[in-house]
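Containing CSV, N, CA and C atoms: upload-v8.csv.
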chain,number,residue,atom,x,y,z
A,1,MET,N,-9.2,-12.9,13.9
A,1,MET,CA,-8.4,-12.0,14.7
A,1,MET,C,-8.0,-10.8,13.8
A,2,ASN,N,-8.1,-9.6,14.4
A,2,ASN,CA,-7.7,-8.4,13.6
A,2,ASN,C,-6.2,-8.2,13.5
A,3,LYS,N,-5.8,-7.7,12.4
A,3,LYS,CA,-4.4,-7.3,12.2
A,3,LYS,C,-4.1,-6.1,13.0
A,4,MET,N,-2.9,-6.1,13.6
A,4,MET,CA,-2.5,-5.0,14.4
A,4,MET,C,-1.3,-4.2,13.7
A,5,TYR,N,-1.2,-3.0,14.0
A,5,TYR,CA,-0.2,-2.1,13.5
A,5,TYR,C,0.4,-1.4,14.7
A,6,TYR,N,1.7,-1.2,14.6
A,6,TYR,CA,2.5,-0.7,15.8
A,6,TYR,C,3.3,0.5,15.4
A,7,VAL,N,3.3,1.4,16.3
A,7,VAL,CA,4.3,2.5,16.3
A,7,VAL,C,5.2,2.2,17.5
A,8,TYR,N,6.5,2.2,17.2
A,8,TYR,CA,7.4,1.8,18.2
A,8,TYR,C,8.5,2.9,18.4
A,9,ILE,N,9.1,2.9,19.5
A,9,ILE,CA,10.3,3.7,19.8
A,9,ILE,C,11.4,2.8,20.3
A,10,ILE,N,12.6,3.0,19.7
A,10,ILE,CA,13.7,2.2,20.1
A,10,ILE,C,14.8,3.2,20.5
A,11,GLN,N,15.7,2.7,21.3
A,11,GLN,CA,16.9,3.5,21.8
A,11,GLN,C,18.1,2.7,21.6
A,12,SER,N,19.2,3.4,21.1
A,12,SER,CA,20.5,2.7,20.9
A,12,SER,C,21.0,2.3,22.3
A,13,VAL,N,21.5,1.1,22.4
A,13,VAL,CA,22.1,0.6,23.6
A,13,VAL,C,23.4,1.4,23.9
A,14,LEU,N,24.2,1.6,22.9
A,14,LEU,CA,25.5,2.3,23.1
A,14,LEU,C,25.5,3.8,23.0
A,15,PHE,N,24.6,4.3,22.3
A,15,PHE,CA,24.5,5.8,22.1
A,15,PHE,C,23.1,6.2,22.6
A,16,GLN,N,22.9,6.3,23.9
A,16,GLN,CA,21.5,6.4,24.5
A,16,GLN,C,20.7,7.6,24.1
A,17,LYS,N,21.4,8.6,23.6
A,17,LYS,CA,20.7,9.8,23.1
A,17,LYS,C,20.0,9.6,21.8
A,18,GLN,N,20.4,8.5,21.1
A,18,GLN,CA,19.9,8.1,19.8
A,18,GLN,C,18.6,7.4,20.0
A,19,ILE,N,17.5,8.0,19.5
A,19,ILE,CA,16.2,7.4,19.6
A,19,ILE,C,15.5,7.4,18.3
A,20,TYR,N,14.8,6.3,17.9
A,20,TYR,CA,14.2,6.2,16.6
A,20,TYR,C,12.7,5.8,16.8
A,21,THR,N,11.9,6.4,16.0
A,21,THR,CA,10.4,6.1,16.0
A,21,THR,C,10.1,5.5,14.7
A,22,GLY,N,9.3,4.4,14.7
A,22,GLY,CA,9.0,3.8,13.4
A,22,GLY,C,7.6,3.1,13.5
A,23,PHE,N,7.2,2.5,12.4
A,23,PHE,CA,5.9,1.8,12.2
A,23,PHE,C,6.2,0.4,11.7
A,24,SER,N,5.5,-0.5,12.2
A,24,SER,CA,5.6,-1.9,11.7
A,24,SER,C,4.4,-2.7,12.0
A,25,GLU,N,4.3,-3.8,11.2
A,25,GLU,CA,3.2,-4.8,11.5
A,25,GLU,C,3.7,-5.9,12.3
A,26,ASN,N,5.1,-6.0,12.5
A,26,ASN,CA,5.7,-7.0,13.3
A,26,ASN,C,6.9,-6.4,14.0
A,27,ILE,N,6.7,-6.1,15.3
A,27,ILE,CA,7.8,-5.4,16.0
A,27,ILE,C,9.0,-6.2,16.2
A,28,ASP,N,8.9,-7.5,16.5
A,28,ASP,CA,10.1,-8.3,16.8
A,28,ASP,C,10.9,-8.4,15.5
A,29,GLU,N,10.3,-8.7,14.4
A,29,GLU,CA,11.0,-8.8,13.1
A,29,GLU,C,11.7,-7.4,12.8
A,30,ARG,N,11.0,-6.3,13.0
A,30,ARG,CA,11.5,-5.0,12.7
A,30,ARG,C,12.7,-4.7,13.6
A,31,LEU,N,12.6,-5.0,14.8
A,31,LEU,CA,13.7,-4.8,15.8
A,31,LEU,C,15.0,-5.6,15.3
A,32,ASP,N,14.7,-6.8,14.9
A,32,ASP,CA,15.8,-7.6,14.4
A,32,ASP,C,16.5,-7.0,13.1
A,33,GLU,N,15.6,-6.4,12.3
A,33,GLU,CA,16.2,-5.7,11.1
A,33,GLU,C,17.0,-4.5,11.5
A,34,HIS,N,16.6,-3.7,12.5
A,34,HIS,CA,17.4,-2.6,13.0
A,34,HIS,C,18.7,-3.1,13.5
A,35,ASN,N,18.7,-4.2,14.3
A,35,ASN,CA,19.9,-4.7,14.9
A,35,ASN,C,20.8,-5.4,13.9
A,36,CYS,N,20.3,-5.8,12.8
A,36,CYS,CA,21.2,-6.4,11.7
A,36,CYS,C,21.7,-5.4,10.8
A,37,GLY,N,21.3,-4.1,11.0
A,37,GLY,CA,21.9,-3.1,10.1
A,37,GLY,C,21.1,-2.9,8.8
A,38,LYS,N,19.9,-3.4,8.7
A,38,LYS,CA,19.1,-3.3,7.4
A,38,LYS,C,18.5,-2.0,7.2
A,39,SER,N,18.5,-1.1,8.2
A,39,SER,CA,17.9,0.2,8.1
A,39,SER,C,19.0,1.2,8.0
A,40,VAL,N,19.0,2.0,6.9
A,40,VAL,CA,20.1,3.0,6.7
A,40,VAL,C,20.0,4.1,7.8
A,41,HIS,N,18.8,4.3,8.3
A,41,HIS,CA,18.7,5.4,9.4
A,41,HIS,C,19.2,4.9,10.7
A,42,THR,N,19.3,3.7,11.0
A,42,THR,CA,19.7,3.2,12.3
A,42,THR,C,20.9,2.3,12.4
A,43,ASN,N,21.5,2.0,11.2
A,43,ASN,CA,22.6,1.0,11.3
A,43,ASN,C,23.8,1.4,12.0
A,44,LYS,N,24.1,2.7,12.0
A,44,LYS,CA,25.4,3.1,12.7
A,44,LYS,C,25.3,3.2,14.2
A,45,PHE,N,24.1,3.0,14.8
A,45,PHE,CA,23.9,3.1,16.2
A,45,PHE,C,23.4,1.8,16.8
A,46,LYS,N,23.5,0.7,16.1
A,46,LYS,CA,23.1,-0.6,16.7
A,46,LYS,C,24.0,-1.0,17.8
A,47,PRO,N,23.6,-1.8,18.7
A,47,PRO,CA,22.3,-2.5,18.8
A,47,PRO,C,21.2,-1.5,19.4
A,48,TRP,N,20.0,-1.9,19.2
A,48,TRP,CA,18.8,-1.1,19.6
A,48,TRP,C,18.0,-2.0,20.6
A,49,LYS,N,17.3,-1.3,21.5
A,49,LYS,CA,16.4,-1.9,22.4
A,49,LYS,C,15.0,-1.2,22.3
A,50,LEU,N,14.0,-2.0,22.4
A,50,LEU,CA,12.6,-1.5,22.3
A,50,LEU,C,12.3,-0.8,23.7
A,51,ILE,N,11.8,0.4,23.6
A,51,ILE,CA,11.5,1.1,24.9
A,51,ILE,C,10.0,1.5,25.0
A,52,CYS,N,9.3,1.5,23.9
A,52,CYS,CA,7.8,1.8,23.9
A,52,CYS,C,7.2,1.4,22.6
A,53,TYR,N,5.9,1.0,22.7
A,53,TYR,CA,5.2,0.8,21.5
A,53,TYR,C,3.7,1.0,21.8
A,54,VAL,N,3.0,1.4,20.7
A,54,VAL,CA,1.5,1.6,20.8
A,54,VAL,C,0.9,0.7,19.7
A,55,SER,N,-0.1,0.0,20.0
A,55,SER,CA,-0.7,-0.9,18.9
A,55,SER,C,-2.1,-0.3,18.5
A,56,PHE,N,-2.4,-0.5,17.2
A,56,PHE,CA,-3.6,0.0,16.6
A,56,PHE,C,-4.3,-1.1,15.8
A,57,CYS,N,-5.6,-1.0,15.7
A,57,CYS,CA,-6.3,-1.9,14.7
A,57,CYS,C,-6.4,-1.1,13.4
A,58,ASP,N,-6.3,0.2,13.4
A,58,ASP,CA,-6.4,1.0,12.2
A,58,ASP,C,-5.0,1.5,11.7
A,59,LYS,N,-4.6,1.0,10.5
A,59,LYS,CA,-3.3,1.3,10.0
A,59,LYS,C,-3.1,2.8,9.8
A,60,GLN,N,-4.1,3.6,9.4
A,60,GLN,CA,-3.9,5.0,9.1
A,60,GLN,C,-3.7,5.7,10.4
A,61,LYS,N,-4.3,5.3,11.5
A,61,LYS,CA,-4.1,6.0,12.8
A,61,LYS,C,-2.7,5.7,13.3
A,62,ALA,N,-2.2,4.5,13.1
A,62,ALA,CA,-0.8,4.2,13.4
A,62,ALA,C,0.2,5.1,12.6
A,63,LEU,N,-0.1,5.2,11.3
A,63,LEU,CA,0.8,6.0,10.5
A,63,LEU,C,0.7,7.5,10.9
A,64,ASP,N,-0.4,8.0,11.2
A,64,ASP,CA,-0.6,9.3,11.7
A,64,ASP,C,0.2,9.6,13.0
A,65,LEU,N,0.1,8.7,13.9
A,65,LEU,CA,0.9,8.8,15.2
A,65,LEU,C,2.4,8.8,14.9
A,66,GLU,N,2.8,7.9,14.0
A,66,GLU,CA,4.3,7.9,13.7
A,66,GLU,C,4.7,9.2,13.1
A,67,ARG,N,3.9,9.7,12.2
A,67,ARG,CA,4.3,11.0,11.5
A,67,ARG,C,4.3,12.1,12.6
A,68,TYR,N,3.3,12.2,13.5
A,68,TYR,CA,3.3,13.2,14.5
A,68,TYR,C,4.6,13.1,15.5
A,69,LEU,N,4.9,11.8,15.9
A,69,LEU,CA,6.0,11.7,16.8
A,69,LEU,C,7.4,12.0,16.2
A,70,LYS,N,7.4,12.2,14.9
A,70,LYS,CA,8.6,12.7,14.2
A,70,LYS,C,8.7,14.2,14.0
A,71,THR,N,7.7,14.9,14.4
A,71,THR,CA,7.7,16.4,14.4
A,71,THR,C,8.3,16.9,15.6
A,72,ALA,N,8.6,18.2,15.7
A,72,ALA,CA,9.2,18.8,16.8
A,72,ALA,C,8.3,18.7,18.1
A,73,SER,N,7.0,18.9,17.9
A,73,SER,CA,6.1,18.8,19.1
A,73,SER,C,5.9,17.4,19.4
A,74,GLY,N,5.9,16.5,18.5
A,74,GLY,CA,5.8,15.0,18.8
A,74,GLY,C,7.0,14.5,19.5
A,75,ILE,N,8.2,15.0,19.2
A,75,ILE,CA,9.4,14.6,19.9
A,75,ILE,C,9.4,15.1,21.3
A,76,ALA,N,8.9,16.3,21.5
A,76,ALA,CA,8.7,16.9,22.9
A,76,ALA,C,7.7,16.0,23.7
A,77,PHE,N,6.6,15.7,23.0
A,77,PHE,CA,5.6,14.8,23.7
A,77,PHE,C,6.2,13.5,24.1
A,78,ARG,N,6.9,12.8,23.1
A,78,ARG,CA,7.6,11.5,23.3
A,78,ARG,C,8.5,11.6,24.5
A,79,ASN,N,9.4,12.6,24.5
A,79,ASN,CA,10.4,12.7,25.6
A,79,ASN,C,9.8,13.0,27.0
A,80,LYS,N,8.6,13.7,27.0
A,80,LYS,CA,8.0,14.0,28.3
A,80,LYS,C,7.1,12.9,28.7
A,81,ARG,N,6.4,12.3,27.8
A,81,ARG,CA,5.3,11.4,28.2
A,81,ARG,C,5.5,9.9,28.0
A,82,LEU,N,6.4,9.6,27.0
A,82,LEU,CA,6.5,8.2,26.6
A,82,LEU,C,7.8,7.5,27.0
A,83,ILE,N,8.9,8.3,27.2
A,83,ILE,CA,10.2,7.6,27.5
A,83,ILE,C,10.8,8.2,28.7
What's the structure tokens form of this structure?
Amino acid sequence: MNKMYYVYIIQSVLFQKQIYTGFSENIDERLDEHNCGKSVHTNKFKPWKLICYVSFCDKQKALDLERYLKTASGIAFRNKRLI
């Protein structure tokens, strides 16, 4: 079985305008880390819910998409097409 890589988008349950995009090899574990406050970027807006993810067999393609979704044009694409 091929290893999968994920680009995910999470949204704060309490502060719904707060959205975070990340990369992981295990989405469930990573979401738990966000909700336990283990990420300095997301700990003040917990709890989080998963709203979208894309899976890849190619790690570099996943990292490239994550990088793009964190740019201004990527955020606009995310807001219009993914969430």
In Å and to one decimal, atom CA of Asn35 of chain A is distant from atom C of Gly74 of chain A by 23.6 Å
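Distance annotation: of A:Lys46, A:Lys38, A:Lys3, A:Lys59, the residue with the minimal separation from Ile19 of chain A is A:Lys46; atom set is only C-alpha atoms.
Atom CA of Thr71 of chain A sits 21.8 Å away from atom CA of Arg30 of chain A.
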Which of chain A counts as strand (DSSP E or B) under DSSP, as an MDAnalysis selection string please? chainID A and resid 5:12 19:24 48:56
Got time to write the residues from that selection, N, CA and C atoms, as a short mmCIF file (atom, residue, chain, number, x, y, z; two decimals), in the coordinates of the input?
data_model
loop_
_atom_site.label_atom_id
_atom_site.label_comp_id
_atom_site.auth_asym_id
_atom_site.auth_seq_id
_atom_site.Cartn_x
_atom_site.Cartn_y
_atom_site.Cartn_z
N TYR A 5 -1.20 -3.00 14.00
CA TYR A 5 -0.20 -2.10 13.50
C TYR A 5 0.40 -1.40 14.70
N TYR A 6 1.70 -1.20 14.60
CA TYR A 6 2.50 -0.70 15.80
C TYR A 6 3.30 0.50 15.40
N VAL A 7 3.30 1.40 16.30
CA VAL A 7 4.30 2.50 16.30
C VAL A 7 5.20 2.20 17.50
N TYR A 8 6.50 2.20 17.20
CA TYR A 8 7.40 1.80 18.20
C TYR A 8 8.50 2.90 18.40
N ILE A 9 9.10 2.90 19.50
CA ILE A 9 10.30 3.70 19.80
C ILE A 9 11.40 2.80 20.30
N ILE A 10 12.60 3.00 19.70
CA ILE A 10 13.70 2.20 20.10
C ILE A 10 14.80 3.20 20.50
N GLN A 11 15.70 2.70 21.30
CA GLN A 11 16.90 3.50 21.80
C GLN A 11 18.10 2.70 21.60
N SER A 12 19.20 3.40 21.10
CA SER A 12 20.50 2.70 20.90
C SER A 12 21.00 2.30 22.30
N ILE A 19 17.50 8.00 19.50
CA ILE A 19 16.20 7.40 19.60
C ILE A 19 15.50 7.40 18.30
N TYR A 20 14.80 6.30 17.90
CA TYR A 20 14.20 6.20 16.60
C TYR A 20 12.70 5.80 16.80
N THR A 21 11.90 6.40 16.00
CA THR A 21 10.40 6.10 16.00
C THR A 21 10.10 5.50 14.70
N GLY A 22 9.30 4.40 14.70
CA GLY A 22 9.00 3.80 13.40
C GLY A 22 7.60 3.10 13.50
N PHE A 23 7.20 2.50 12.40
CA PHE A 23 5.90 1.80 12.20
C PHE A 23 6.20 0.40 11.70
N SER A 24 5.50 -0.50 12.20
CA SER A 24 5.60 -1.90 11.70
C SER A 24 4.40 -2.70 12.00
N TRP A 48 20.00 -1.90 19.20
CA TRP A 48 18.80 -1.10 19.60
C TRP A 48 18.00 -2.00 20.60
N LYS A 49 17.30 -1.30 21.50
CA LYS A 49 16.40 -1.90 22.40
C LYS A 49 15.00 -1.20 22.30
N LEU A 50 14.00 -2.00 22.40
CA LEU A 50 12.60 -1.50 22.30
C LEU A 50 12.30 -0.80 23.70
N ILE A 51 11.80 0.40 23.60
CA ILE A 51 11.50 1.10 24.90
C ILE A 51 10.00 1.50 25.00
N CYS A 52 9.30 1.50 23.90
CA CYS A 52 7.80 1.80 23.90
C CYS A 52 7.20 1.40 22.60
N TYR A 53 5.90 1.00 22.70
CA TYR A 53 5.20 0.80 21.50
C TYR A 53 3.70 1.00 21.80
N VAL A 54 3.00 1.40 20.70
CA VAL A 54 1.50 1.60 20.80
C VAL A 54 0.90 0.70 19.70
N SER A 55 -0.10 0.00 20.00
CA SER A 55 -0.70 -0.90 18.90
C SER A 55 -2.10 -0.30 18.50
N PHE A 56 -2.40 -0.50 17.20
CA PHE A 56 -3.60 0.00 16.60
C PHE A 56 -4.30 -1.10 15.80
#
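Straight-line separation from atom N of Leu31 of chain A to atom N of Ala72 of chain A: 23.6 Å.
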So that I can see what lies close to Val13 of chain A, please list as a PyMOL selection string the residues with an atom at most 6 Å from it, counting only N, CA and C atoms and leaving out residues fewer than 4 positions away in the same chain. chain A and resi 45-49
Write segment 58-80 of chain A as a PDB file, keeping the file's coordinate frame, completed to N, CA, C and O atoms.
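Output (result33.pdb):
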ATOM      1  N   ASP A  58      -6.300   0.200  13.400  1.00  0.00           N
ATOM      2  CA  ASP A  58      -6.400   1.000  12.200  1.00  0.00           C
ATOM      3  C   ASP A  58      -5.000   1.500  11.700  1.00  0.00           C
ATOM      4  O   ASP A  58      -4.306   2.199  12.432  1.00  0.00           O
ATOM      5  N   LYS A  59      -4.600   1.000  10.500  1.00  0.00           N
ATOM      6  CA  LYS A  59      -3.300   1.300  10.000  1.00  0.00           C
ATOM      7  C   LYS A  59      -3.100   2.800   9.800  1.00  0.00           C
ATOM      8  O   LYS A  59      -2.006   3.345  10.175  1.00  0.00           O
ATOM      9  N   GLN A  60      -4.100   3.600   9.400  1.00  0.00           N
ATOM     10  CA  GLN A  60      -3.900   5.000   9.100  1.00  0.00           C
ATOM     11  C   GLN A  60      -3.700   5.700  10.400  1.00  0.00           C
ATOM     12  O   GLN A  60      -2.847   6.658  10.505  1.00  0.00           O
ATOM     13  N   LYS A  61      -4.300   5.300  11.500  1.00  0.00           N
ATOM     14  CA  LYS A  61      -4.100   6.000  12.800  1.00  0.00           C
ATOM     15  C   LYS A  61      -2.700   5.700  13.300  1.00  0.00           C
ATOM     16  O   LYS A  61      -2.048   6.640  13.858  1.00  0.00           O
ATOM     17  N   ALA A  62      -2.200   4.500  13.100  1.00  0.00           N
ATOM     18  CA  ALA A  62      -0.800   4.200  13.400  1.00  0.00           C
ATOM     19  C   ALA A  62       0.200   5.100  12.600  1.00  0.00           C
ATOM     20  O   ALA A  62       1.108   5.686  13.200  1.00  0.00           O
ATOM     21  N   LEU A  63      -0.100   5.200  11.300  1.00  0.00           N
ATOM     22  CA  LEU A  63       0.800   6.000  10.500  1.00  0.00           C
ATOM     23  C   LEU A  63       0.700   7.500  10.900  1.00  0.00           C
ATOM     24  O   LEU A  63       1.766   8.193  10.865  1.00  0.00           O
ATOM     25  N   ASP A  64      -0.400   8.000  11.200  1.00  0.00           N
ATOM     26  CA  ASP A  64      -0.600   9.300  11.700  1.00  0.00           C
ATOM     27  C   ASP A  64       0.200   9.600  13.000  1.00  0.00           C
ATOM     28  O   ASP A  64       0.829  10.649  13.115  1.00  0.00           O
ATOM     29  N   LEU A  65       0.100   8.700  13.900  1.00  0.00           N
ATOM     30  CA  LEU A  65       0.900   8.800  15.200  1.00  0.00           C
ATOM     31  C   LEU A  65       2.400   8.800  14.900  1.00  0.00           C
ATOM     32  O   LEU A  65       3.132   9.650  15.429  1.00  0.00           O
ATOM     33  N   GLU A  66       2.800   7.900  14.000  1.00  0.00           N
ATOM     34  CA  GLU A  66       4.300   7.900  13.700  1.00  0.00           C
ATOM     35  C   GLU A  66       4.700   9.200  13.100  1.00  0.00           C
ATOM     36  O   GLU A  66       5.721   9.773  13.495  1.00  0.00           O
ATOM     37  N   ARG A  67       3.900   9.700  12.200  1.00  0.00           N
ATOM     38  CA  ARG A  67       4.300  11.000  11.500  1.00  0.00           C
ATOM     39  C   ARG A  67       4.300  12.100  12.600  1.00  0.00           C
ATOM     40  O   ARG A  67       5.255  12.921  12.575  1.00  0.00           O
ATOM     41  N   TYR A  68       3.300  12.200  13.500  1.00  0.00           N
ATOM     42  CA  TYR A  68       3.300  13.200  14.500  1.00  0.00           C
ATOM     43  C   TYR A  68       4.600  13.100  15.500  1.00  0.00           C
ATOM     44  O   TYR A  68       5.188  14.066  15.793  1.00  0.00           O
ATOM     45  N   LEU A  69       4.900  11.800  15.900  1.00  0.00           N
ATOM     46  CA  LEU A  69       6.000  11.700  16.800  1.00  0.00           C
ATOM     47  C   LEU A  69       7.400  12.000  16.200  1.00  0.00           C
ATOM     48  O   LEU A  69       8.356  12.167  16.893  1.00  0.00           O
ATOM     49  N   LYS A  70       7.400  12.200  14.900  1.00  0.00           N
ATOM     50  CA  LYS A  70       8.600  12.700  14.200  1.00  0.00           C
ATOM     51  C   LYS A  70       8.700  14.200  14.000  1.00  0.00           C
ATOM     52  O   LYS A  70       9.691  14.690  13.498  1.00  0.00           O
ATOM     53  N   THR A  71       7.700  14.900  14.400  1.00  0.00           N
ATOM     54  CA  THR A  71       7.700  16.400  14.400  1.00  0.00           C
ATOM     55  C   THR A  71       8.300  16.900  15.600  1.00  0.00           C
ATOM     56  O   THR A  71       8.476  16.171  16.634  1.00  0.00           O
ATOM     57  N   ALA A  72       8.600  18.200  15.700  1.00  0.00           N
ATOM     58  CA  ALA A  72       9.200  18.800  16.800  1.00  0.00           C
ATOM     59  C   ALA A  72       8.300  18.700  18.100  1.00  0.00           C
ATOM     60  O   ALA A  72       8.725  18.308  19.152  1.00  0.00           O
ATOM     61  N   SER A  73       7.000  18.900  17.900  1.00  0.00           N
ATOM     62  CA  SER A  73       6.100  18.800  19.100  1.00  0.00           C
ATOM     63  C   SER A  73       5.900  17.400  19.400  1.00  0.00           C
ATOM     64  O   SER A  73       5.741  17.049  20.627  1.00  0.00           O
ATOM     65  N   GLY A  74       5.900  16.500  18.500  1.00  0.00           N
ATOM     66  CA  GLY A  74       5.800  15.000  18.800  1.00  0.00           C
ATOM     67  C   GLY A  74       7.000  14.500  19.500  1.00  0.00           C
ATOM     68  O   GLY A  74       6.908  13.688  20.429  1.00  0.00           O
ATOM     69  N   ILE A  75       8.200  15.000  19.200  1.00  0.00           N
ATOM     70  CA  ILE A  75       9.400  14.600  19.900  1.00  0.00           C
ATOM     71  C   ILE A  75       9.400  15.100  21.300  1.00  0.00           C
ATOM     72  O   ILE A  75       9.711  14.388  22.252  1.00  0.00           O
ATOM     73  N   ALA A  76       8.900  16.300  21.500  1.00  0.00           N
ATOM     74  CA  ALA A  76       8.700  16.900  22.900  1.00  0.00           C
ATOM     75  C   ALA A  76       7.700  16.000  23.700  1.00  0.00           C
ATOM     76  O   ALA A  76       8.001  15.696  24.832  1.00  0.00           O
ATOM     77  N   PHE A  77       6.600  15.700  23.000  1.00  0.00           N
ATOM     78  CA  PHE A  77       5.600  14.800  23.700  1.00  0.00           C
ATOM     79  C   PHE A  77       6.200  13.500  24.100  1.00  0.00           C
ATOM     80  O   PHE A  77       6.095  12.959  25.173  1.00  0.00           O
ATOM     81  N   ARG A  78       6.900  12.800  23.100  1.00  0.00           N
ATOM     82  CA  ARG A  78       7.600  11.500  23.300  1.00  0.00           C
ATOM     83  C   ARG A  78       8.500  11.600  24.500  1.00  0.00           C
ATOM     84  O   ARG A  78       8.512  10.760  25.374  1.00  0.00           O
ATOM     85  N   ASN A  79       9.400  12.600  24.500  1.00  0.00           N
ATOM     86  CA  ASN A  79      10.400  12.700  25.600  1.00  0.00           C
ATOM     87  C   ASN A  79       9.800  13.000  27.000  1.00  0.00           C
ATOM     88  O   ASN A  79      10.284  12.521  27.956  1.00  0.00           O
ATOM     89  N   LYS A  80       8.600  13.700  27.000  1.00  0.00           N
ATOM     90  CA  LYS A  80       8.000  14.000  28.300  1.00  0.00           C
ATOM     91  C   LYS A  80       7.100  12.900  28.700  1.00  0.00           C
ATOM     92  O   LYS A  80       6.999  12.646  29.949  1.00  0.00           O
TER      93      LYS A  80
END
